[in-house]
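> Supplied structure: start-v2.pdb, PDB, C-alpha atoms and all ligand atoms.
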```pdb
ATOM      1  CA  MET A 111     103.367  96.002-148.843
ATOM      2  CA  THR A 112     104.318  97.227-152.271
ATOM      3  CA  GLN A 113     105.494 100.784-152.555
ATOM      4  CA  MET A 114     105.302 102.870-155.651
ATOM      5  CA  PRO A 115     108.560 104.746-155.958
ATOM      6  CA  GLY A 116     108.035 108.462-156.104
ATOM      7  CA  THR A 117     104.459 108.501-154.889
ATOM      8  CA  ILE A 118     104.891 107.246-151.351
ATOM      9  CA  LYS A 119     107.549 108.435-148.994
ATOM     10  CA  ALA A 120     109.001 105.415-147.262
ATOM     11  CA  ALA A 121     110.033 107.452-144.228
ATOM     12  CA  ALA A 122     106.498 108.538-143.390
ATOM     13  CA  MET A 123     104.488 105.601-144.641
ATOM     14  CA  THR A 124     103.838 102.744-142.251
ATOM     15  CA  ASP A 125     102.248  99.459-143.404
ATOM     16  CA  THR A 126      99.228 100.068-145.580
ATOM     17  CA  LYS A 127      95.948  99.742-143.695
ATOM     18  CA  ILE A 128      93.576 101.091-146.325
ATOM     19  CA  SER A 129      94.138 101.105-150.029
ATOM     20  CA  ALA A 130      91.701 102.908-152.355
ATOM     21  CA  ARG A 131      91.817 102.457-156.117
ATOM     22  CA  ASN A 132      90.065 104.530-158.775
ATOM     23  CA  VAL A 133      87.377 105.719-156.402
ATOM     24  CA  GLN A 134      84.596 107.786-157.960
ATOM     25  CA  VAL A 135      81.664 109.147-155.988
ATOM     26  CA  TYR A 136      78.517 110.598-157.515
ATOM     27  CA  TYR A 137      75.545 112.311-155.901
ATOM     28  CA  GLY A 138      73.052 111.958-158.726
ATOM     29  CA  ASP A 139      74.819 113.780-161.556
ATOM     30  CA  THR A 140      77.363 115.513-159.332
ATOM     31  CA  HIS A 141      80.780 113.905-159.652
ATOM     32  CA  ALA A 142      82.093 114.570-156.140
ATOM     33  CA  ILE A 143      85.188 112.313-156.013
ATOM     34  CA  LYS A 144      87.223 111.841-159.170
ATOM     35  CA  ASP A 145      89.416 108.810-159.562
ATOM     36  CA  VAL A 146      91.080 108.908-156.171
ATOM     37  CA  ASN A 147      93.938 106.519-155.426
ATOM     38  CA  ILE A 148      95.384 106.567-151.939
ATOM     39  CA  GLU A 149      97.145 104.385-149.413
ATOM     40  CA  ILE A 150      96.578 105.038-145.739
ATOM     41  CA  GLY A 151      99.237 103.840-143.342
ATOM     42  CA  ALA A 152      98.535 101.790-140.229
ATOM     43  CA  ARG A 153      98.976 103.269-136.751
ATOM     44  CA  ALA A 154      99.517 106.775-138.013
ATOM     45  CA  VAL A 155      97.445 109.898-138.470
ATOM     46  CA  THR A 156      96.560 110.964-141.994
ATOM     47  CA  ALA A 157      95.017 114.423-142.429
ATOM     48  CA  PHE A 158      92.669 115.361-145.277
ATOM     49  CA  ILE A 159      92.763 119.053-146.104
ATOM     50  CA  GLY A 160      91.312 121.191-148.869
ATOM     51  CA  PRO A 161      88.760 123.917-149.561
ATOM     52  CA  SER A 162      85.114 123.564-148.580
ATOM     53  CA  GLY A 163      83.194 121.313-150.962
ATOM     54  CA  CYS A 164      86.301 119.556-152.329
ATOM     55  CA  GLY A 165      85.077 116.136-151.175
ATOM     56  CA  LYS A 166      86.933 115.459-147.926
ATOM     57  CA  SER A 167      83.864 114.287-145.987
ATOM     58  CA  THR A 168      82.551 112.389-148.993
ATOM     59  CA  PHE A 169      85.788 110.466-149.365
ATOM     60  CA  LEU A 170      86.086 109.890-145.603
ATOM     61  CA  ARG A 171      82.579 108.395-145.588
ATOM     62  CA  CYS A 172      83.623 105.971-148.331
ATOM     63  CA  LEU A 173      86.071 104.400-145.887
ATOM     64  CA  ASN A 174      83.355 102.910-143.669
ATOM     65  CA  ARG A 175      80.514 102.901-146.171
ATOM     66  CA  MET A 176      78.631 105.697-144.454
ATOM     67  CA  ASN A 177      77.718 106.893-147.958
ATOM     68  CA  ASP A 178      75.539 103.767-148.243
ATOM     69  CA  THR A 179      73.072 105.642-146.062
ATOM     70  CA  ILE A 180      72.702 108.465-148.633
ATOM     71  CA  ASP A 181      70.195 107.387-151.279
ATOM     72  CA  ILE A 182      71.528 109.357-154.242
ATOM     73  CA  CYS A 183      75.158 108.532-153.518
ATOM     74  CA  ARG A 184      77.007 106.045-155.721
ATOM     75  CA  VAL A 185      80.550 104.818-155.057
ATOM     76  CA  GLU A 186      82.727 103.131-157.695
ATOM     77  CA  GLY A 187      86.238 101.678-157.562
ATOM     78  CA  SER A 188      87.708  99.583-154.789
ATOM     79  CA  ILE A 189      88.659 100.176-151.191
ATOM     80  CA  ASP A 190      90.561  97.499-149.324
ATOM     81  CA  LEU A 191      90.987  97.257-145.577
ATOM     82  CA  ASP A 192      93.888  94.918-144.783
ATOM     83  CA  GLY A 193      93.658  93.655-148.335
ATOM     84  CA  GLU A 194      89.908  92.877-148.230
ATOM     85  CA  ASP A 195      87.394  94.781-150.327
ATOM     86  CA  ILE A 196      85.015  96.579-147.957
ATOM     87  CA  TYR A 197      82.414  96.907-150.741
ATOM     88  CA  ASP A 198      82.229  93.149-151.265
ATOM     89  CA  SER A 199      78.619  91.970-151.028
ATOM     90  CA  ARG A 200      79.566  89.639-148.179
ATOM     91  CA  VAL A 201      80.680  92.526-145.979
ATOM     92  CA  ASP A 202      78.135  93.627-143.370
ATOM     93  CA  PRO A 203      78.342  97.441-143.179
ATOM     94  CA  VAL A 204      77.390  97.388-139.497
ATOM     95  CA  GLN A 205      80.327  95.101-138.690
ATOM     96  CA  LEU A 206      82.552  97.201-140.908
ATOM     97  CA  ARG A 207      81.632 100.351-138.996
ATOM     98  CA  ALA A 208      82.646  98.644-135.753
ATOM     99  CA  LYS A 209      86.073  98.096-137.321
ATOM    100  CA  VAL A 210      86.184 101.541-138.889
ATOM    101  CA  GLY A 211      84.623 103.904-136.371
ATOM    102  CA  MET A 212      83.683 107.514-136.891
ATOM    103  CA  VAL A 213      83.663 110.731-134.889
ATOM    104  CA  PHE A 214      81.689 113.646-136.285
ATOM    105  CA  GLN A 215      82.074 117.394-136.347
ATOM    106  CA  LYS A 216      79.372 118.010-133.773
ATOM    107  CA  PRO A 217      79.613 115.871-130.646
ATOM    108  CA  ASN A 218      76.575 113.579-130.813
ATOM    109  CA  PRO A 219      76.238 111.598-127.581
ATOM    110  CA  PHE A 220      73.168 109.396-127.346
ATOM    111  CA  PRO A 221      70.433 110.658-125.000
ATOM    112  CA  LYS A 222      71.590 108.106-122.450
ATOM    113  CA  SER A 223      73.874 107.985-119.441
ATOM    114  CA  ILE A 224      77.625 108.349-119.852
ATOM    115  CA  TYR A 225      77.959 104.651-119.007
ATOM    116  CA  ASP A 226      75.361 103.573-121.564
ATOM    117  CA  ASN A 227      76.874 105.743-124.294
ATOM    118  CA  ILE A 228      80.034 103.651-124.050
ATOM    119  CA  ALA A 229      78.321 100.335-123.294
ATOM    120  CA  TYR A 230      75.956 100.589-126.273
ATOM    121  CA  GLY A 231      78.380  99.350-128.958
ATOM    122  CA  PRO A 232      79.866  96.454-126.989
ATOM    123  CA  ARG A 233      76.306  95.364-126.114
ATOM    124  CA  ILE A 234      74.895  95.396-129.641
ATOM    125  CA  HIS A 235      77.987  93.709-131.033
ATOM    126  CA  GLY A 236      77.822  91.045-128.319
ATOM    127  CA  LEU A 237      81.369  91.745-127.133
ATOM    128  CA  VAL A 238      80.663  91.047-123.464
ATOM    129  CA  ARG A 239      78.881  88.448-121.373
ATOM    130  CA  LYS A 240      79.364  89.708-117.852
ATOM    131  CA  LYS A 241      78.566  93.075-116.319
ATOM    132  CA  ALA A 242      82.093  93.188-114.889
ATOM    133  CA  ASP A 243      83.545  92.931-118.402
ATOM    134  CA  LEU A 244      81.328  95.741-119.585
ATOM    135  CA  ASP A 245      82.366  97.880-116.601
ATOM    136  CA  GLU A 246      85.954  97.229-117.570
ATOM    137  CA  ILE A 247      85.404  98.294-121.204
ATOM    138  CA  VAL A 248      83.576 101.445-120.107
ATOM    139  CA  ALA A 249      86.372 102.388-117.712
ATOM    140  CA  SER A 250      89.218 101.638-120.096
ATOM    141  CA  SER A 251      87.563 103.421-123.035
ATOM    142  CA  LEU A 252      87.023 106.526-120.922
ATOM    143  CA  GLN A 253      90.601 106.302-119.701
ATOM    144  CA  LYS A 254      91.964 106.036-123.240
ATOM    145  CA  ALA A 255      89.837 109.009-124.229
ATOM    146  CA  GLY A 256      91.258 111.026-121.336
ATOM    147  CA  LEU A 257      87.849 111.506-119.758
ATOM    148  CA  TRP A 258      87.800 109.027-116.881
ATOM    149  CA  ASN A 259      88.866 111.369-114.099
ATOM    150  CA  GLU A 260      86.275 113.923-115.095
ATOM    151  CA  VAL A 261      83.333 111.496-115.231
ATOM    152  CA  LYS A 262      84.108 108.513-112.996
ATOM    153  CA  ASP A 263      81.785 109.786-110.260
ATOM    154  CA  ARG A 264      78.897 110.574-112.590
ATOM    155  CA  LEU A 265      78.688 107.609-114.959
ATOM    156  CA  ASP A 266      74.917 107.496-114.481
ATOM    157  CA  GLY A 267      74.551 111.141-115.456
ATOM    158  CA  PRO A 268      73.481 112.068-118.972
ATOM    159  CA  GLY A 269      76.130 112.225-121.722
ATOM    160  CA  THR A 270      74.481 115.368-122.993
ATOM    161  CA  GLY A 271      75.166 117.028-119.628
ATOM    162  CA  LEU A 272      78.892 117.210-120.358
ATOM    163  CA  SER A 273      80.676 120.201-121.883
ATOM    164  CA  GLY A 274      81.223 120.214-125.648
ATOM    165  CA  GLY A 275      84.840 119.129-125.345
ATOM    166  CA  GLN A 276      83.918 116.406-122.870
ATOM    167  CA  GLN A 277      81.108 115.246-125.155
ATOM    168  CA  GLN A 278      83.555 114.928-128.042
ATOM    169  CA  ARG A 279      85.908 112.858-125.893
ATOM    170  CA  LEU A 280      82.880 110.785-124.868
ATOM    171  CA  CYS A 281      82.184 110.171-128.567
ATOM    172  CA  ILE A 282      85.796 109.153-129.067
ATOM    173  CA  ALA A 283      85.503 106.800-126.060
ATOM    174  CA  ARG A 284      82.307 105.386-127.596
ATOM    175  CA  ALA A 285      84.156 104.769-130.862
ATOM    176  CA  ILE A 286      87.064 103.092-129.049
ATOM    177  CA  ALA A 287      84.780 100.842-126.960
ATOM    178  CA  VAL A 288      84.160  98.381-129.803
ATOM    179  CA  SER A 289      87.917  98.021-130.416
ATOM    180  CA  PRO A 290      88.011  99.503-133.901
ATOM    181  CA  GLU A 291      91.118  99.373-136.041
ATOM    182  CA  VAL A 292      90.527 102.659-137.790
ATOM    183  CA  ILE A 293      88.961 105.869-136.477
ATOM    184  CA  LEU A 294      87.659 108.430-138.960
ATOM    185  CA  MET A 295      87.260 111.956-137.626
ATOM    186  CA  ASP A 296      85.472 114.646-139.590
ATOM    187  CA  GLU A 297      86.503 118.042-138.204
ATOM    188  CA  PRO A 298      86.319 116.697-134.634
ATOM    189  CA  CYS A 299      87.439 119.958-133.045
ATOM    190  CA  SER A 300      85.511 122.524-135.019
ATOM    191  CA  ALA A 301      82.911 122.940-132.264
ATOM    192  CA  LEU A 302      85.504 123.055-129.479
ATOM    193  CA  ASP A 303      87.400 125.843-127.739
ATOM    194  CA  PRO A 304      91.227 125.915-127.856
ATOM    195  CA  ILE A 305      91.654 124.075-124.554
ATOM    196  CA  ALA A 306      89.279 121.265-125.492
ATOM    197  CA  THR A 307      90.891 121.173-128.945
ATOM    198  CA  ALA A 308      94.334 120.749-127.389
ATOM    199  CA  LYS A 309      93.016 117.852-125.303
ATOM    200  CA  VAL A 310      91.535 116.093-128.302
ATOM    201  CA  GLU A 311      94.740 116.648-130.284
ATOM    202  CA  GLU A 312      96.810 115.167-127.459
ATOM    203  CA  LEU A 313      94.436 112.248-127.395
ATOM    204  CA  ILE A 314      94.778 111.702-131.160
ATOM    205  CA  ASP A 315      98.529 111.657-130.739
ATOM    206  CA  GLU A 316      98.243 108.968-128.064
ATOM    207  CA  LEU A 317      95.704 106.914-129.988
ATOM    208  CA  ARG A 318      97.866 106.588-133.066
ATOM    209  CA  GLU A 319      99.992 104.035-131.247
ATOM    210  CA  ASN A 320      97.124 101.561-131.516
ATOM    211  CA  PHE A 321      94.764 102.913-134.150
ATOM    212  CA  THR A 322      94.858 104.111-137.713
ATOM    213  CA  ILE A 323      93.396 107.595-137.741
ATOM    214  CA  VAL A 324      92.124 109.728-140.596
ATOM    215  CA  ILE A 325      91.177 113.274-139.696
ATOM    216  CA  VAL A 326      89.525 115.937-141.832
ATOM    217  CA  THR A 327      90.465 119.412-140.731
ATOM    218  CA  HIS A 328      90.205 122.998-141.914
ATOM    219  CA  SER A 329      93.027 123.964-139.621
ATOM    220  CA  MET A 330      96.415 123.651-141.211
ATOM    221  CA  GLN A 331      98.006 124.125-137.824
ATOM    222  CA  GLN A 332      96.019 121.164-136.604
ATOM    223  CA  ALA A 333      97.021 119.015-139.563
ATOM    224  CA  ALA A 334     100.652 119.974-138.946
ATOM    225  CA  ARG A 335     100.375 119.224-135.232
ATOM    226  CA  VAL A 336      98.614 115.860-135.310
ATOM    227  CA  SER A 337      99.306 114.127-138.597
ATOM    228  CA  GLN A 338     102.257 112.315-140.092
ATOM    229  CA  ARG A 339     100.854 112.364-143.620
ATOM    230  CA  THR A 340      98.631 114.905-145.294
ATOM    231  CA  ALA A 341      96.430 114.588-148.359
ATOM    232  CA  PHE A 342      95.278 117.704-150.209
ATOM    233  CA  PHE A 343      91.960 117.514-152.058
ATOM    234  CA  HIS A 344      90.698 120.023-154.591
ATOM    235  CA  MET A 345      87.430 119.864-156.557
ATOM    236  CA  GLY A 346      87.051 116.125-156.037
ATOM    237  CA  ASN A 347      90.649 115.324-156.925
ATOM    238  CA  LEU A 348      93.354 114.099-154.598
ATOM    239  CA  VAL A 349      96.012 116.560-155.670
ATOM    240  CA  GLU A 350      98.854 115.234-153.580
ATOM    241  CA  ILE A 351      99.681 113.237-150.494
ATOM    242  CA  GLY A 352     102.939 113.058-148.620
ATOM    243  CA  ASP A 353     104.822 113.497-145.427
ATOM    244  CA  THR A 354     102.993 116.278-143.536
ATOM    245  CA  GLN A 355     106.126 118.349-143.175
ATOM    246  CA  ASP A 356     106.831 118.132-146.907
ATOM    247  CA  ILE A 357     103.276 119.093-147.850
ATOM    248  CA  PHE A 358     103.484 122.201-145.697
ATOM    249  CA  THR A 359     107.006 123.253-146.555
ATOM    250  CA  ASN A 360     107.556 121.980-150.047
ATOM    251  CA  PRO A 361     104.342 121.046-151.871
ATOM    252  CA  VAL A 362     104.700 119.765-155.411
ATOM    253  CA  ASP A 363     101.471 121.144-156.863
ATOM    254  CA  LYS A 364     100.675 124.828-157.266
ATOM    255  CA  ARG A 365      97.111 124.276-155.994
ATOM    256  CA  THR A 366      98.484 122.883-152.720
ATOM    257  CA  GLN A 367     100.880 125.792-152.463
ATOM    258  CA  ASP A 368      98.049 128.286-153.024
ATOM    259  CA  TYR A 369      95.864 126.616-150.432
ATOM    260  CA  ILE A 370      98.420 126.354-147.672
ATOM    261  CA  THR A 371      99.518 129.947-148.198
ATOM    262  CA  GLY A 372      95.901 131.070-147.923
ATOM    263  CA  ARG A 373      95.380 132.148-151.519
ATOM    264  CA  PHE A 374      92.088 130.289-151.711
ATOM    265  CA  GLY A 375      89.802 128.142-149.622
TER     266      GLY A 375
HETATM  267  N1  LIG B 401      74.322 114.344-149.252
HETATM  268  C1  LIG B 401      74.711 114.997-150.353
HETATM  269  N2  LIG B 401      73.879 115.128-151.399
HETATM  270  C2  LIG B 401      74.245 115.780-152.527
HETATM  271  N3  LIG B 401      75.455 116.321-152.716
HETATM  272  C3  LIG B 401      76.338 116.232-151.706
HETATM  273  C4  LIG B 401      76.019 115.570-150.478
HETATM  274  N4  LIG B 401      77.075 115.643-149.666
HETATM  275  C5  LIG B 401      78.032 116.323-150.344
HETATM  276  N5  LIG B 401      77.590 116.684-151.569
HETATM  277  C6  LIG B 401      78.352 117.422-152.592
HETATM  278  O1  LIG B 401      79.592 116.769-152.808
HETATM  279  C7  LIG B 401      80.652 117.716-152.903
HETATM  280  C8  LIG B 401      81.687 117.425-151.814
HETATM  281  O2  LIG B 401      81.096 117.689-150.549
HETATM  282  P1  LIG B 401      81.807 117.307-149.183
HETATM  283  O3  LIG B 401      80.815 117.525-148.103
HETATM  284  O4  LIG B 401      82.415 115.978-149.292
HETATM  285  O5  LIG B 401      82.973 118.412-149.115
HETATM  286  P2  LIG B 401      83.975 118.791-147.933
HETATM  287  O6  LIG B 401      85.329 118.858-148.534
HETATM  288  O7  LIG B 401      83.779 117.882-146.778
HETATM  289  O8  LIG B 401      83.503 120.272-147.554
HETATM  290  P3  LIG B 401      83.503 121.017-146.135
HETATM  291  O9  LIG B 401      84.934 121.389-145.883
HETATM  292  O10 LIG B 401      82.647 122.225-146.370
HETATM  293  O11 LIG B 401      82.951 120.097-145.102
HETATM  294  C9  LIG B 401      80.010 119.087-152.816
HETATM  295  O12 LIG B 401      79.784 119.550-154.116
HETATM  296  C10 LIG B 401      78.708 118.818-152.102
HETATM  297  O13 LIG B 401      77.732 119.746-152.475
HETATM  298 MG    MG B 402      83.106 118.158-144.811
END
```
Please, can you express the file's structure as structure tokens?

Amino acid sequence: MTQMPGTIKAAAMTDTKISARNVQVYYGDTHAIKDVNIEIGARAVTAFIGPSGCGKSTFLRCLNRMNDTIDICRVEGSIDLDGEDIYDSRVDPVQLRAKVGMVFQKPNPFPKSIYDNIAYGPRIHGLVRKKADLDEIVASSLQKAGLWNEVKDRLDGPGTGLSGGQQQRLCIARAIAVSPEVILMDEPCSALDPIATAKVEELIDELRENFTIVIVTHSMQQAARVSQRTAFFHMGNLVEIGDTQDIFTNPVDKRTQDYITGRFG
């Protein structure tokens, strides 16, 4: 990879997984993301922080083309995943979203059994031929999501019958089941209590060995706990990105300083 001296800290930055150039996002006349350039490192956790309405979710949704589903939304610029433009007309957004999975703020299990929640993706993407292989994917995804022991005896029970924290881990297991390379998480813990939050944070820390993770969070403690790099957004601009520790102890920009010290947001 090429590194731009001064903008990327070599110590914190792993190989580039996603590279966004001059990204603009508009909702009708609203200019929601303004010329964002960012590199996201592989097998690491990058946190997006910033005040409400600054564009974190909008930019996150650019990374797997979820904004395609919003009629009035227009995305300009380029976003490469492993050097390939994800907005190229030859890219199938459904395939892309299997590679770049997403976990939302509110746990949203399908109204199906726990087993079928996990099996759904591998089935529609044709990843398995035999029932035994599917069983294996279901078990290993639930294990990786730290949920197996809690649900192994009730796989036929409804996903919606789990607690909120369990449902969120089920959604993470569902995302993992199609072997994504990147997992996008938009405030994944905001509906969870502290114990469930701690479990999901532990899980994120384990997952980063194999996945590239981008997490949006309003909790600076959470960003500090789970991420290696942090990006601060403000009014549609990416103000700064760096080593998480540096952003929280020694930010370059006054707006970052004001935000992390609680002066606004
Ligand atoms: N579907 C939409 N249609 C129109 N405007 C939108 C839409 N989604 C977001 N916006 C606008 O884009 C801007 C950025 O919103 P976004 O949801 O990305 O912010 P955010 O940083 O995720 O905020 P929060 O922390 O509250 O979740 C806001 O001005 C918002 O009103
Ligand atoms: Mg948001």
> Interatomic distance between CA of Arg264 (chain A) and CA of Asp245 (chain A)?
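Between CA of Arg264 (chain A) and CA of Asp245 (chain A) the gap is 13.8 Å.
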> Please write the residues picked by the PyMOL selection byres (((chain A and resi 256) around 12) and not hetatm) on this file as a PyMOL selection string.
chain A and resi 249-255+257-262+275-283+286+306+308-317
> Contacts between ligand MG 402 (chain B) and chain A, please, where a residue of chain A counts if it comes within 8 Å (with all atoms listed in the file); show its shortest atom pair and distance in Å to one decimal, rows by chain and ascending number, as a Markdown table.

```
| residue | atom | partner | partner_atom | distance |
| --- | --- | --- | --- | --- |
| A:Ser162 | CA | B:MG402 | MG | 6.9 |
| A:Gly163 | CA | B:MG402 | MG | 6.9 |
| A:Gly165 | CA | B:MG402 | MG | 7.0 |
| A:Lys166 | CA | B:MG402 | MG | 5.6 |
| A:Ser167 | CA | B:MG402 | MG | 4.1 |
| A:Thr168 | CA | B:MG402 | MG | 7.1 |
| A:Asp296 | CA | B:MG402 | MG | 6.7 |
| A:Glu297 | CA | B:MG402 | MG | 7.4 |
| A:Val326 | CA | B:MG402 | MG | 7.4 |
```
> Which residues are near ligand LIG 401 (chain B) - at most 9 Å, using only C-alpha atoms and all ligand atoms? Format: as a ChimeraX atom specification.
/A:135-138,140-143,158-171,177,180-183,296-297,326-328,343-346
> Using all atoms listed in the file, which residue out of A:Lys222, A:Arg233, A:Arg339, A:Arg175 lies closest to Arg207 (chain A)?
A:Arg175
> Suppose a student applies the PyMOL selection byres (((chain A and resi 354) around 12) and not hetatm) to this structure; what residues should they get, written as an MDAnalysis selection string?
chainID A and resid 119 121:123 154:159 330:342 350:353 355:361 370
> Go ahead and save the residues from that selection, with C-alpha atoms, as a PDB file, in the coordinates of the input.

```pdb
ATOM      1  CA  LYS A 119     107.549 108.435-148.994  1.00  0.00           C
ATOM      2  CA  ALA A 121     110.033 107.452-144.228  1.00  0.00           C
ATOM      3  CA  ALA A 122     106.498 108.538-143.390  1.00  0.00           C
ATOM      4  CA  MET A 123     104.488 105.601-144.641  1.00  0.00           C
ATOM      5  CA  ALA A 154      99.517 106.775-138.013  1.00  0.00           C
ATOM      6  CA  VAL A 155      97.445 109.898-138.470  1.00  0.00           C
ATOM      7  CA  THR A 156      96.560 110.964-141.994  1.00  0.00           C
ATOM      8  CA  ALA A 157      95.017 114.423-142.429  1.00  0.00           C
ATOM      9  CA  PHE A 158      92.669 115.361-145.277  1.00  0.00           C
ATOM     10  CA  ILE A 159      92.763 119.053-146.104  1.00  0.00           C
ATOM     11  CA  MET A 330      96.415 123.651-141.211  1.00  0.00           C
ATOM     12  CA  GLN A 331      98.006 124.125-137.824  1.00  0.00           C
ATOM     13  CA  GLN A 332      96.019 121.164-136.604  1.00  0.00           C
ATOM     14  CA  ALA A 333      97.021 119.015-139.563  1.00  0.00           C
ATOM     15  CA  ALA A 334     100.652 119.974-138.946  1.00  0.00           C
ATOM     16  CA  ARG A 335     100.375 119.224-135.232  1.00  0.00           C
ATOM     17  CA  VAL A 336      98.614 115.860-135.310  1.00  0.00           C
ATOM     18  CA  SER A 337      99.306 114.127-138.597  1.00  0.00           C
ATOM     19  CA  GLN A 338     102.257 112.315-140.092  1.00  0.00           C
ATOM     20  CA  ARG A 339     100.854 112.364-143.620  1.00  0.00           C
ATOM     21  CA  THR A 340      98.631 114.905-145.294  1.00  0.00           C
ATOM     22  CA  ALA A 341      96.430 114.588-148.359  1.00  0.00           C
ATOM     23  CA  PHE A 342      95.278 117.704-150.209  1.00  0.00           C
ATOM     24  CA  GLU A 350      98.854 115.234-153.580  1.00  0.00           C
ATOM     25  CA  ILE A 351      99.681 113.237-150.494  1.00  0.00           C
ATOM     26  CA  GLY A 352     102.939 113.058-148.620  1.00  0.00           C
ATOM     27  CA  ASP A 353     104.822 113.497-145.427  1.00  0.00           C
ATOM     28  CA  GLN A 355     106.126 118.349-143.175  1.00  0.00           C
ATOM     29  CA  ASP A 356     106.831 118.132-146.907  1.00  0.00           C
ATOM     30  CA  ILE A 357     103.276 119.093-147.850  1.00  0.00           C
ATOM     31  CA  PHE A 358     103.484 122.201-145.697  1.00  0.00           C
ATOM     32  CA  THR A 359     107.006 123.253-146.555  1.00  0.00           C
ATOM     33  CA  ASN A 360     107.556 121.980-150.047  1.00  0.00           C
ATOM     34  CA  PRO A 361     104.342 121.046-151.871  1.00  0.00           C
ATOM     35  CA  ILE A 370      98.420 126.354-147.672  1.00  0.00           C
TER      36      ILE A 370
END
```
> One decimal, in Å: what's the spacing between CA of Phe214 (chain A) and CA of Pro298 (chain A)?
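The value is 5.8 Å.
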> What does the PyMOL selection byres (((chain A and resi 323) around 8) and not hetatm) select in this file, as a list in words?
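Output from the PyMOL selection byres (((chain A and resi 323) around 8) and not hetatm), applied to this file: Arg153, Ala154, Val155, Thr156, Val292, Ile293, Leu294, Met295, Ile314, Arg318, Phe321, Thr322, Val324 and Ile325 of chain A.
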> Quick one: pull the distance between CA of Leu206 (chain A) and CA of Asn174 (chain A), Å, one decimal.
6.4 Å
> Return as JSON the centre and edge lengths, in Å with one decimal, of the box along x, y and z that encloses every atom of region 174-183 of chain A in the file, padded by 6 Å per side.

```
{"center_x": 76.8, "center_y": 106.1, "center_z": -149.0, "size_x": 25.2, "size_y": 18.5, "size_z": 22.6}
```
> Which neighbours of Leu237 (chain A) fall inside 10 Å, counting all atoms listed in the file, when residues of the same chain fewer than 6 positions from it are skipped, and could you give them as a PyMOL selection string?
chain A and resi 229+231+243-244+247+287-289
> Quick one: of A:Asn147, A:Gln367, A:Ser129, A:Thr179, who's nearest to Asp195 (chain A), counting all atoms listed in the file?
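Going through A:Asn147, A:Gln367, A:Ser129, A:Thr179 one by one, the smallest distance to Asp195 (chain A) is for A:Ser129.
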> My list of candidates is A:Phe220, A:Ile305, A:Glu246, A:Met176. Which is closest to Ile196 (chain A) when distances are computed with all atoms listed in the file?
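Result for the nearest residue to Ile196 (chain A): A:Met176.
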